[in-house]
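Text of model_0.txt (compact mmCIF, C-alpha atoms) as supplied:
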```txt
# COMPACT_ATOMS: atom_id res chain seq x y z
CA MET C 1 -29.14 39.95 -71.48
CA GLU C 2 -30.04 36.45 -70.28
CA ALA C 3 -27.35 34.96 -72.55
CA LEU C 4 -24.71 37.33 -71.17
CA ILE C 5 -25.51 36.35 -67.60
CA VAL C 6 -25.35 32.65 -68.47
CA SER C 7 -22.04 33.12 -70.25
CA ASN C 8 -20.69 35.11 -67.32
CA ILE C 9 -21.63 32.40 -64.82
CA LEU C 10 -20.10 29.78 -67.07
CA LEU C 11 -16.88 31.76 -67.38
CA TRP C 12 -16.60 32.18 -63.62
CA CYS C 13 -17.13 28.45 -63.08
CA LEU C 14 -14.50 27.58 -65.67
CA LEU C 15 -12.09 30.13 -64.20
CA ILE C 16 -12.49 28.60 -60.74
CA ALA C 17 -11.86 25.15 -62.21
CA LEU C 18 -8.75 26.48 -63.96
CA ALA C 19 -7.47 28.08 -60.77
CA PHE C 20 -7.94 24.73 -59.00
CA ALA C 21 -5.96 23.01 -61.74
CA VAL C 22 -3.11 25.53 -61.44
CA MET C 23 -3.02 25.13 -57.67
CA GLY C 24 -3.01 21.35 -58.05
CA LEU C 25 -0.05 21.55 -60.41
CA VAL C 26 1.87 23.76 -58.01
CA ARG C 27 1.23 21.31 -55.17
CA GLN C 28 2.39 18.40 -57.29
CA ILE C 29 5.60 20.26 -58.12
CA GLY C 30 6.08 20.81 -54.38
CA VAL C 31 5.64 17.09 -53.70
CA LEU C 32 8.11 16.25 -56.47
CA HIS C 33 10.64 18.61 -54.94
CA GLY C 34 10.15 16.86 -51.61
CA ARG C 35 10.79 13.46 -53.19
CA LEU C 36 13.64 14.49 -55.46
CA ALA C 37 16.04 15.78 -52.83
CA PRO C 38 17.60 12.46 -51.79
CA ALA C 39 18.10 11.36 -55.40
CA GLY C 40 21.20 9.62 -56.56
CA ALA C 41 22.83 6.28 -56.16
CA LEU C 42 23.01 5.23 -52.55
CA MET C 43 26.57 4.82 -51.42
CA VAL C 44 27.20 2.15 -48.86
CA ASP C 45 30.06 3.53 -46.83
CA LYS C 46 32.67 0.87 -47.18
CA GLY C 47 35.13 -0.44 -49.65
CA VAL C 48 37.21 1.71 -51.92
CA ALA C 49 37.03 5.44 -51.40
CA VAL C 50 35.79 7.61 -54.22
CA ASN C 51 38.37 9.86 -55.90
CA GLU C 52 41.11 7.39 -54.90
CA PRO C 53 42.88 5.02 -57.31
CA ALA C 54 40.67 2.01 -57.96
CA PRO C 55 42.00 -1.42 -56.97
CA GLN C 56 43.71 -3.04 -59.93
CA LEU C 57 43.07 -6.62 -60.87
CA THR C 58 42.84 -8.80 -63.91
CA ALA C 59 40.03 -11.25 -64.39
CA ALA C 60 39.09 -13.57 -67.21
CA ASP C 61 35.96 -12.80 -69.16
CA ARG C 62 33.46 -15.41 -70.29
CA SER C 63 35.60 -16.63 -73.15
CA GLY C 64 38.83 -16.69 -71.15
CA ARG C 65 40.34 -13.41 -72.37
CA PRO C 66 42.01 -11.36 -69.63
CA VAL C 67 40.27 -8.12 -68.68
CA ASN C 68 42.11 -5.38 -66.83
CA ILE C 69 40.05 -3.60 -64.23
CA GLY C 70 41.11 -0.37 -62.57
CA TYR C 71 44.14 0.33 -64.74
CA ALA C 72 44.71 3.60 -66.56
CA GLY C 73 43.65 3.26 -70.16
CA GLU C 74 42.17 4.98 -73.16
CA LYS C 75 38.62 4.82 -71.93
CA ALA C 76 36.80 5.11 -68.64
CA GLN C 77 35.26 1.95 -67.22
CA LEU C 78 31.81 1.37 -65.83
CA LEU C 79 31.62 -1.78 -63.75
CA PHE C 80 28.10 -3.06 -63.44
CA PHE C 81 27.75 -5.74 -60.80
CA LEU C 82 24.83 -8.04 -61.40
CA SER C 83 23.60 -11.53 -60.80
CA PRO C 84 21.21 -13.73 -62.75
CA THR C 85 19.11 -14.11 -59.60
CA CYS C 86 18.52 -10.37 -59.16
CA PRO C 87 15.43 -9.08 -60.96
CA ILE C 88 16.29 -5.38 -60.60
CA CYS C 89 19.64 -6.03 -62.28
CA LYS C 90 17.78 -7.42 -65.28
CA SER C 91 15.45 -4.47 -65.42
CA LEU C 92 18.47 -2.15 -65.52
CA LEU C 93 20.20 -3.96 -68.38
CA PRO C 94 18.47 -1.97 -71.16
CA SER C 95 19.63 1.29 -69.51
CA ILE C 96 23.17 -0.02 -69.17
CA LYS C 97 23.18 -1.09 -72.79
CA SER C 98 21.96 2.28 -73.96
CA ILE C 99 24.62 4.04 -71.87
CA ALA C 100 27.26 1.72 -73.33
CA LYS C 101 26.07 2.56 -76.83
CA GLU C 102 25.77 6.32 -76.27
CA GLN C 103 29.17 6.65 -74.65
CA ALA C 104 31.04 3.95 -76.56
CA HIS C 105 33.72 6.47 -77.58
CA ARG C 106 34.79 7.14 -74.00
CA LEU C 107 33.43 4.36 -71.87
CA ASP C 108 33.90 0.59 -71.61
CA VAL C 109 31.08 -1.16 -69.85
CA LEU C 110 32.00 -4.29 -67.93
CA TYR C 111 29.36 -6.67 -66.67
CA VAL C 112 30.59 -8.37 -63.54
CA SER C 113 28.63 -11.33 -62.29
CA ASP C 114 28.97 -14.28 -60.07
CA GLY C 115 27.26 -17.63 -59.75
CA ASP C 116 25.93 -20.50 -61.79
CA MET C 117 27.29 -20.61 -65.37
CA ASP C 118 24.10 -21.92 -66.99
CA ALA C 119 22.06 -19.10 -65.47
CA GLN C 120 24.64 -16.63 -66.82
CA LYS C 121 24.25 -18.09 -70.30
CA THR C 122 20.47 -17.78 -70.18
CA LEU C 123 20.77 -14.17 -69.02
CA ILE C 124 23.26 -13.34 -71.77
CA ALA C 125 21.08 -14.92 -74.45
CA GLU C 126 17.96 -13.23 -73.10
CA HIS C 127 19.50 -9.76 -73.10
CA LYS C 128 21.75 -10.16 -76.16
CA LEU C 129 24.97 -9.52 -74.26
CA GLU C 130 27.09 -11.86 -76.39
CA ASP C 131 29.35 -9.02 -77.58
CA ALA C 132 29.70 -7.36 -74.19
CA THR C 133 32.61 -7.82 -71.83
CA TYR C 134 31.09 -10.16 -69.32
CA VAL C 135 33.18 -11.28 -66.38
CA VAL C 136 32.08 -14.08 -64.14
CA SER C 137 34.33 -13.83 -61.12
CA PRO C 138 33.63 -13.46 -57.43
CA GLU C 139 37.08 -11.87 -57.01
CA VAL C 140 36.09 -8.54 -58.55
CA GLY C 141 33.09 -8.19 -56.28
CA MET C 142 35.21 -9.09 -53.26
CA THR C 143 37.96 -6.63 -54.18
CA TYR C 144 35.46 -3.80 -54.57
CA GLN C 145 33.53 -5.05 -51.51
CA ILE C 146 30.17 -5.21 -53.18
CA GLY C 147 27.52 -6.30 -50.69
CA LYS C 148 24.36 -5.36 -52.53
CA LEU C 149 23.21 -5.62 -56.12
CA PRO C 150 22.78 -3.99 -58.60
CA TYR C 151 25.88 -1.94 -57.92
CA ALA C 152 27.84 0.23 -60.29
CA ALA C 153 31.30 1.78 -60.11
CA LEU C 154 32.74 4.33 -62.48
CA ILE C 155 36.51 4.41 -63.01
CA ASP C 156 37.99 7.20 -65.14
CA ASN C 157 40.70 6.71 -67.74
CA ALA C 158 43.43 7.50 -65.19
CA GLY C 159 42.32 4.55 -63.06
CA VAL C 160 40.68 6.65 -60.37
CA LEU C 161 37.36 5.53 -58.91
CA ARG C 162 35.07 8.47 -59.67
CA ALA C 163 31.68 7.32 -58.44
CA LYS C 164 30.02 4.24 -57.09
CA GLY C 165 26.74 3.25 -55.61
CA LEU C 166 23.77 0.99 -55.38
CA VAL C 167 21.73 1.64 -58.50
CA ASN C 168 18.04 0.93 -58.75
CA SER C 169 17.03 3.07 -61.68
CA ARG C 170 18.26 4.88 -64.73
CA GLU C 171 18.31 8.09 -62.63
CA HIS C 172 20.72 6.48 -60.19
CA LEU C 173 22.97 5.42 -63.05
CA ASP C 174 22.90 8.90 -64.53
CA SER C 175 23.69 10.32 -61.12
CA LEU C 176 27.01 8.44 -61.20
CA PHE C 177 28.03 10.31 -64.33
CA GLU C 178 26.73 13.52 -62.82
CA THR C 179 28.84 13.05 -59.68
CA GLU C 180 31.86 12.24 -61.84
CA HIS C 181 31.24 15.50 -63.66
CA LEU C 182 30.77 17.49 -60.44
CA GLY C 183 33.71 15.90 -58.65
CA SER C 184 31.82 14.87 -55.50
CA ALA C 185 31.61 11.37 -54.11
CA THR C 186 27.81 11.26 -54.25
CA LEU C 187 25.07 13.54 -55.42
CA GLN C 188 23.91 13.85 -51.81
CA GLN C 189 27.34 15.08 -50.80
CA TYR C 190 27.35 17.53 -53.67
CA LEU C 191 23.95 18.94 -52.65
CA HIS C 192 25.13 19.12 -49.06
CA ASN C 193 28.31 20.97 -50.00
CA SER C 194 26.59 23.43 -52.29
CA GLN C 195 24.01 24.08 -49.57
CA HIS C 196 26.80 24.87 -47.15
CA ALA C 197 28.61 27.07 -49.62
CA HIS C 198 25.32 28.86 -50.22
CA GLY C 199 24.71 29.34 -46.51
CA ALA C 200 28.23 30.59 -45.92
CA HIS C 201 27.85 33.02 -48.76
CA ASN C 202 24.78 34.55 -47.16
CA HIS C 203 26.26 35.15 -43.74
CA MET A 1 -14.87 58.09 -57.51
CA GLN A 2 -16.54 55.32 -55.60
CA PRO A 3 -15.93 51.70 -56.64
CA ASP A 4 -18.67 49.19 -57.24
CA PRO A 5 -19.50 47.21 -54.06
CA ILE A 6 -18.53 43.97 -55.80
CA PHE A 7 -14.83 44.95 -55.81
CA VAL A 8 -14.91 46.05 -52.17
CA ILE A 9 -16.79 43.03 -50.83
CA ALA A 10 -14.78 40.51 -52.87
CA ALA A 11 -11.50 42.06 -51.66
CA ALA A 12 -12.76 42.05 -48.06
CA LEU A 13 -13.79 38.39 -48.36
CA ALA A 14 -10.43 37.37 -49.82
CA VAL A 15 -8.40 39.22 -47.17
CA SER A 16 -10.67 37.80 -44.48
CA VAL A 17 -10.07 34.20 -45.59
CA ILE A 18 -6.30 34.78 -45.85
CA LEU A 19 -6.18 36.24 -42.33
CA ALA A 20 -8.39 33.47 -40.96
CA SER A 21 -6.14 30.77 -42.43
CA ALA A 22 -3.04 32.55 -41.11
CA ALA A 23 -4.64 32.74 -37.66
CA THR A 24 -5.57 29.04 -37.60
CA HIS A 25 -2.02 28.04 -38.59
CA LYS A 26 -0.63 30.15 -35.78
CA LEU A 27 -3.18 28.98 -33.21
CA ARG A 28 -2.57 25.33 -34.05
CA ALA A 29 1.18 25.54 -33.51
CA PRO A 30 1.77 28.38 -31.04
CA ALA A 31 5.27 27.20 -30.15
CA ARG A 32 6.38 27.23 -33.76
CA PHE A 33 5.00 30.72 -34.31
CA ALA A 34 6.72 31.97 -31.15
CA SER A 35 10.06 30.62 -32.35
CA GLN A 36 9.53 32.17 -35.78
CA LEU A 37 8.75 35.50 -34.15
CA GLU A 38 11.85 35.19 -32.00
CA GLU A 39 13.95 34.42 -35.12
CA TYR A 40 12.96 37.76 -36.60
CA GLN A 41 14.78 39.40 -33.65
CA LEU A 42 12.61 42.50 -33.58
CA LEU A 43 11.06 42.25 -30.14
CA PRO A 44 12.65 42.19 -26.70
CA GLN A 45 12.70 38.65 -25.32
CA ALA A 46 10.05 39.42 -22.69
CA LEU A 47 7.54 40.53 -25.31
CA VAL A 48 7.92 37.60 -27.73
CA ARG A 49 5.59 35.19 -25.91
CA PRO A 50 2.71 37.62 -25.22
CA VAL A 51 2.84 39.01 -28.79
CA ALA A 52 2.92 35.50 -30.23
CA ARG A 53 -0.17 34.70 -28.21
CA VAL A 54 -2.11 37.86 -29.12
CA LEU A 55 -1.27 38.21 -32.84
CA PRO A 56 -3.31 35.23 -34.08
CA TRP A 57 -6.36 36.49 -32.17
CA ILE A 58 -5.96 39.93 -33.73
CA GLU A 59 -5.83 38.27 -37.14
CA ALA A 60 -8.93 36.20 -36.38
CA ALA A 61 -10.82 39.25 -35.09
CA LEU A 62 -9.91 41.25 -38.20
CA ALA A 63 -10.98 38.35 -40.41
CA PHE A 64 -14.36 38.32 -38.71
CA ALA A 65 -14.78 42.12 -38.70
CA LEU A 66 -14.05 42.29 -42.44
CA LEU A 67 -17.24 40.32 -43.06
CA VAL A 68 -19.40 42.72 -41.03
CA PRO A 69 -20.41 45.63 -43.32
CA ALA A 70 -20.41 48.22 -40.51
CA ALA A 71 -16.90 47.30 -39.34
CA ARG A 72 -15.43 46.56 -42.76
CA GLN A 73 -13.73 49.90 -43.42
CA VAL A 74 -11.90 50.08 -40.08
CA ALA A 75 -11.01 46.38 -40.14
CA ALA A 76 -9.64 46.65 -43.68
CA LEU A 77 -7.39 49.57 -42.71
CA ALA A 78 -6.19 47.66 -39.65
CA ALA A 79 -5.52 44.57 -41.80
CA ALA A 80 -3.55 46.69 -44.28
CA ALA A 81 -1.50 48.08 -41.38
CA LEU A 82 -0.88 44.56 -39.99
CA LEU A 83 0.22 43.20 -43.39
CA ALA A 84 2.42 46.24 -43.98
CA GLY A 85 3.93 45.61 -40.54
CA TYR A 86 4.78 42.03 -41.53
CA ALA A 87 6.36 43.36 -44.72
CA LEU A 88 8.36 45.82 -42.65
CA ALA A 89 9.56 43.00 -40.38
CA ILE A 90 10.73 41.04 -43.45
CA ALA A 91 12.34 44.14 -44.96
CA ILE A 92 14.27 44.91 -41.76
CA ASN A 93 15.65 41.38 -41.64
CA LEU A 94 16.53 41.44 -45.34
CA TRP A 95 18.34 44.72 -44.74
CA ARG A 96 20.21 43.09 -41.86
CA GLY A 97 21.25 40.40 -44.31
CA ARG A 98 19.50 37.59 -42.45
CA ARG A 99 18.08 35.81 -45.48
CA ASP A 100 18.08 32.34 -44.02
CA ILE A 101 15.34 32.71 -41.40
CA ASP A 102 11.97 31.05 -41.89
CA CYS A 103 9.39 33.46 -43.24
CA GLY A 104 6.49 31.87 -41.37
CA CYS A 105 4.28 33.23 -44.12
CA ALA A 106 2.10 30.28 -45.03
CA GLY A 107 1.25 26.95 -43.48
CA PRO A 108 3.60 24.41 -41.92
CA GLN A 109 4.37 22.65 -45.22
CA GLN A 110 5.64 25.83 -46.79
CA ALA A 111 8.64 26.87 -44.79
CA GLN A 112 10.59 29.28 -46.95
CA PRO A 113 13.45 31.67 -46.36
CA ILE A 114 12.66 35.38 -46.56
CA ARG A 115 13.36 36.99 -49.92
CA PRO A 116 12.53 40.32 -51.55
CA VAL A 117 9.73 38.67 -53.55
CA LEU A 118 7.84 38.23 -50.28
CA LEU A 119 7.69 42.01 -49.99
CA ALA A 120 5.90 42.10 -53.34
CA ARG A 121 3.48 39.46 -52.07
CA ASN A 122 2.71 41.52 -48.99
CA ALA A 123 2.34 44.66 -51.11
CA VAL A 124 -0.34 42.89 -53.15
CA LEU A 125 -2.12 41.87 -49.96
CA VAL A 126 -1.94 45.42 -48.58
CA GLY A 127 -3.38 46.69 -51.86
CA LEU A 128 -6.22 44.18 -51.58
CA ALA A 129 -6.92 45.30 -48.01
CA LEU A 130 -6.89 48.95 -49.13
CA VAL A 131 -9.45 48.18 -51.86
CA ALA A 132 -11.59 46.59 -49.16
CA SER A 133 -11.33 49.77 -47.08
CA LEU A 134 -12.88 52.00 -49.78
CA ALA A 135 -16.46 53.24 -49.34
CA PRO A 136 -18.49 51.53 -52.07
CA LEU A 137 -21.16 53.03 -54.28
CA SER A 138 -24.47 52.26 -52.66
CA ARG A 139 -26.67 50.13 -54.85
CA GLY A 140 -28.98 47.20 -54.32
CA LEU A 141 -27.25 43.84 -54.56
CA GLY A 142 -28.97 40.87 -56.16
CA VAL A 143 -28.29 37.15 -56.11
CA PHE A 144 -26.06 37.45 -59.17
CA ASP A 145 -23.89 40.04 -57.42
CA GLY A 146 -23.47 37.66 -54.52
CA PHE A 147 -22.40 34.94 -56.93
CA VAL A 148 -19.84 37.20 -58.60
CA VAL A 149 -18.42 38.26 -55.20
CA ILE A 150 -17.96 34.68 -54.05
CA ALA A 151 -16.58 33.49 -57.39
CA ALA A 152 -14.14 36.41 -57.67
CA SER A 153 -12.81 35.97 -54.15
CA ALA A 154 -12.54 32.20 -54.65
CA VAL A 155 -10.45 32.69 -57.80
CA ALA A 156 -8.32 35.32 -56.05
CA LEU A 157 -7.68 32.94 -53.14
CA LEU A 158 -6.81 30.00 -55.38
CA ILE A 159 -4.40 32.09 -57.41
CA TYR A 160 -2.94 33.44 -54.16
CA ALA A 161 -2.42 29.87 -52.93
CA ALA A 162 -0.83 28.89 -56.25
CA ALA A 163 1.49 31.91 -56.21
CA ASP A 164 2.41 31.13 -52.62
CA GLY A 165 3.21 27.55 -53.60
CA LEU A 166 5.37 28.72 -56.48
CA MET A 167 7.25 31.06 -54.17
CA ALA A 168 7.81 28.26 -51.66
CA ASN A 169 9.05 25.98 -54.48
CA SER A 170 11.51 28.38 -56.05
CA PRO A 171 14.27 28.10 -53.39
CA ARG A 172 13.97 24.30 -53.58
CA LEU A 173 14.28 24.46 -57.35
CA LEU A 174 17.40 26.60 -57.05
CA LYS A 175 18.84 24.10 -54.61
CA LEU A 176 18.05 21.26 -57.00
CA ILE A 177 19.85 22.84 -59.93
CA GLY A 178 22.75 23.56 -57.63
CA ARG A 179 22.84 27.35 -57.30
```
Would you write out, as structure tokens, the structure that this file holds?
Amino acid sequence: MEALIVSNILLWCLLIALAFAVMGLVRQIGVLHGRLAPAGALMVDKGVAVNEPAPQLTAADRSGRPVNIGYAGEKAQLLFFLSPTCPICKSLLPSIKSIAKEQAHRLDVLYVSDGDMDAQKTLIAEHKLEDATYVVSPEVGMTYQIGKLPYAALIDNAGVLRAKGLVNSREHLDSLFETEHLGSATLQQYLHNSQHAHGAHNH
Amino acid sequence: MQPDPIFVIAAALAVSVILASAATHKLRAPARFASQLEEYQLLPQALVRPVARVLPWIEAALAFALLVPAARQVAALAAAALLAGYALAIAINLWRGRRDIDCGCAGPQQAQPIRPVLLARNAVLVGLALVASLAPLSRGLGVFDGFVVIAASAVALLIYAAADGLMANSPRLLKLIGR
């Protein structure tokens, strides 16, 4: 009898602890939902409009070969604007490289930088970018009106700018492809539109 | 058949805590509760303010009365009626097709639109209040019974809070996956 009572008390205590754990998990999910909503690459509202033809220009890459940017071609283009002096750009390079590798069949990744040539060389050696298309030209950044780094722009194979934004994490980068897929300028805009459509549907 | 007092007292304790927390939320932000009540569009404009002022006190009084053995039965029936009334208010607005109004069900962090699942939630609460209204078998209660009552109502409340949180999260999840 004594043993049963002890076991019963123990079970109640453990059940209470378990219920606390479940409630804690639910709260954490709620907090995550609160933080997740404004996800996606931040779009600074200037420069080329999304879903419009991208500006076309030709720049020379590191070894002097001409690189066409913004023209219709076989593959889509991802322009990644970086600078050797920007630490977040460097932290994003592994993600960019993995995206380039995963989507090599449909996507050309272009690294667009600006600034001191020696620093560029160190960066390229450090991150093994010797084989990548690496353009050092302030013109590209000026044409696309890039004010902040790291910035990325996605141009589809018809030469239309599909998504762009300030990218600070792998999630932001992925959001560019997501917005390309969904056909909205930014993920925020997509969420906003779908919210409206939802609201309208309910009235 | 009469139920064991443990069921009745634990149910009364759980309903009492739920009502008390609802009352404190409403008393802390009377303006918000008044606007929520107005959103439901069930009362004439002149009655909204007085009802918004009185309802939290009714909830608090019921919460207190549920803990007094002599008043428990009546208070539990009144609480069941109150909770059923809230469910009715939600049902009327769902039937009107006004799904986008704030439920005002839980605390300030858990604003959620009204949905049919909230009717199920209120049905569970009404059931709990009805259990509390039953006349229990009379038997002597020891310390261990007291422990079981408190533990059972604590678990019920925690699971209620978790379920409430899940219900508040689900519209946000739907929004996130773009439905």
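Environment of (36.6, -1.7, -67.2): residues at most 7 Å away, judged by all atoms listed in the file, are Asn68, Ile69, Gly70, Ala76, Gln77, Leu78, Leu79, Asp108, Val109 and Leu110 of chain C.
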Can you write out as a Markdown table which residues of chain A fall within 9 Å of chain C, alongside each residue's closest atom pair and its distance in Å to one decimal, counting all atoms listed in the file and ordering rows by chain and ascending residue number?
```
| residue | atom | partner | partner_atom | distance |
| --- | --- | --- | --- | --- |
| A:Gly97 | CA | C:His203 | CA | 7.3 |
| A:Arg98 | CA | C:His203 | CA | 7.3 |
| A:Arg99 | CA | C:Asn202 | CA | 7.0 |
| A:Asp100 | CA | C:Gly199 | CA | 7.7 |
| A:Phe144 | CA | C:Ile5 | CA | 8.5 |
| A:Phe147 | CA | C:Ile9 | CA | 8.3 |
| A:Val148 | CA | C:Trp12 | CA | 7.8 |
| A:Ala151 | CA | C:Trp12 | CA | 6.4 |
| A:Ala152 | CA | C:Trp12 | CA | 7.7 |
| A:Ala154 | CA | C:Ile16 | CA | 7.1 |
| A:Val155 | CA | C:Ile16 | CA | 5.4 |
| A:Ala156 | CA | C:Ala19 | CA | 8.7 |
| A:Leu158 | CA | C:Ala19 | CA | 5.8 |
| A:Ile159 | CA | C:Ala19 | CA | 6.1 |
| A:Ala161 | CA | C:Met23 | CA | 6.7 |
| A:Ala162 | CA | C:Met23 | CA | 4.6 |
| A:Ala163 | CA | C:Met23 | CA | 8.3 |
| A:Gly165 | CA | C:Val26 | CA | 6.0 |
| A:Leu166 | CA | C:Val26 | CA | 6.3 |
| A:Ala168 | CA | C:Gly30 | CA | 8.1 |
| A:Asn169 | CA | C:Gly30 | CA | 6.0 |
| A:Arg172 | CA | C:His33 | CA | 6.7 |
| A:Leu173 | CA | C:His33 | CA | 7.3 |
| A:Lys175 | CA | C:Gln195 | CA | 7.2 |
| A:Leu176 | CA | C:Ala37 | CA | 7.2 |
| A:Gly178 | CA | C:Ser194 | CA | 6.6 |
| A:Arg179 | CA | C:Ser194 | CA | 7.4 |
```
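Nearest residue to A:Ser21, choosing from A:Pro113, A:Pro56, A:Pro136, A:Gly85 and counting all atoms listed in the file: A:Pro56.
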**Report entry** Residue nearest A:Leu82 - candidates A:Leu43, A:Met1, A:Leu94, A:Val15, atoms counted: all atoms listed in the file
**Finding:**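 Of A:Leu43, A:Met1, A:Leu94, A:Val15, the one nearest A:Leu82, counting all atoms listed in the file, is A:Val15.
With atom CA of C:Val140 on one side and atom CA of C:Tyr111 on the other, the separation reads 10.7 Å.
When atom CA of C:Pro150 is paired with atom CA of C:Tyr134, their separation reads 14.9 Å.
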Report task. Using all atoms listed in the file, find the one residue out of C:His172, C:Lys164, C:Arg35, C:Lys75 that sits nearest to C:Ala104. Result -> C:Lys75
**Report entry** Atomic separation - atom CA of A:Ile101 relative to atom CA of A:Arg49, Å
**Finding:**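 Result for atom CA of A:Arg49 versus atom CA of A:Ile101: 18.5 Å, one decimal.
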Kindly add N, CA and C atoms to the incomplete stretch 96-117 of chain C and provide the output as a tab-separated table (two decimals), in the frame of the given file.
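For reference, out.tsv as written:
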```tsv
chain	number	residue	atom	x	y	z
C	96	ILE	N	21.72	0.15	-69.08
C	96	ILE	CA	23.17	-0.02	-69.17
C	96	ILE	C	23.60	-0.12	-70.62
C	97	LYS	N	22.82	-0.92	-71.39
C	97	LYS	CA	23.18	-1.09	-72.79
C	97	LYS	C	23.09	0.22	-73.54
C	98	SER	N	22.08	1.02	-73.24
C	98	SER	CA	21.96	2.28	-73.96
C	98	SER	C	23.08	3.23	-73.56
C	99	ILE	N	23.48	3.20	-72.29
C	99	ILE	CA	24.62	4.04	-71.87
C	99	ILE	C	25.88	3.59	-72.59
C	100	ALA	N	26.07	2.25	-72.67
C	100	ALA	CA	27.26	1.72	-73.33
C	100	ALA	C	27.30	2.18	-74.78
C	101	LYS	N	26.13	2.19	-75.42
C	101	LYS	CA	26.07	2.56	-76.83
C	101	LYS	C	26.32	4.07	-77.00
C	102	GLU	N	25.64	4.86	-76.15
C	102	GLU	CA	25.77	6.32	-76.27
C	102	GLU	C	27.21	6.78	-76.04
C	103	GLN	N	27.87	6.14	-75.04
C	103	GLN	CA	29.17	6.65	-74.65
C	103	GLN	C	30.29	5.73	-75.07
C	104	ALA	N	30.06	4.95	-76.13
C	104	ALA	CA	31.04	3.95	-76.56
C	104	ALA	C	32.41	4.57	-76.82
C	105	HIS	N	32.44	5.84	-77.24
C	105	HIS	CA	33.72	6.47	-77.58
C	105	HIS	C	34.58	6.73	-76.36
C	106	ARG	N	33.97	6.79	-75.15
C	106	ARG	CA	34.79	7.14	-74.00
C	106	ARG	C	34.62	6.17	-72.82
C	107	LEU	N	33.77	5.20	-73.01
C	107	LEU	CA	33.43	4.36	-71.87
C	107	LEU	C	33.36	2.89	-72.26
C	108	ASP	N	34.04	2.04	-71.48
C	108	ASP	CA	33.90	0.59	-71.61
C	108	ASP	C	32.98	0.12	-70.51
C	109	VAL	N	31.95	-0.63	-70.88
C	109	VAL	CA	31.08	-1.16	-69.85
C	109	VAL	C	31.43	-2.61	-69.59
C	110	LEU	N	31.67	-2.93	-68.32
C	110	LEU	CA	32.00	-4.29	-67.93
C	110	LEU	C	30.87	-4.85	-67.08
C	111	TYR	N	30.38	-6.01	-67.48
C	111	TYR	CA	29.36	-6.67	-66.67
C	111	TYR	C	30.09	-7.65	-65.75
C	112	VAL	N	29.91	-7.49	-64.47
C	112	VAL	CA	30.59	-8.37	-63.54
C	112	VAL	C	29.54	-9.19	-62.80
C	113	SER	N	29.64	-10.48	-62.92
C	113	SER	CA	28.63	-11.33	-62.29
C	113	SER	C	29.30	-12.46	-61.53
C	114	ASP	N	28.47	-13.24	-60.94
C	114	ASP	CA	28.97	-14.28	-60.07
C	114	ASP	C	27.87	-15.34	-59.99
C	115	GLY	N	28.27	-16.60	-59.95
C	115	GLY	CA	27.26	-17.63	-59.75
C	115	GLY	C	27.21	-18.65	-60.89
C	116	ASP	N	26.14	-19.36	-60.90
C	116	ASP	CA	25.93	-20.50	-61.79
C	116	ASP	C	26.10	-20.15	-63.27
C	117	MET	N	26.94	-20.93	-63.98
C	117	MET	CA	27.29	-20.61	-65.37
C	117	MET	C	26.10	-20.75	-66.32
```
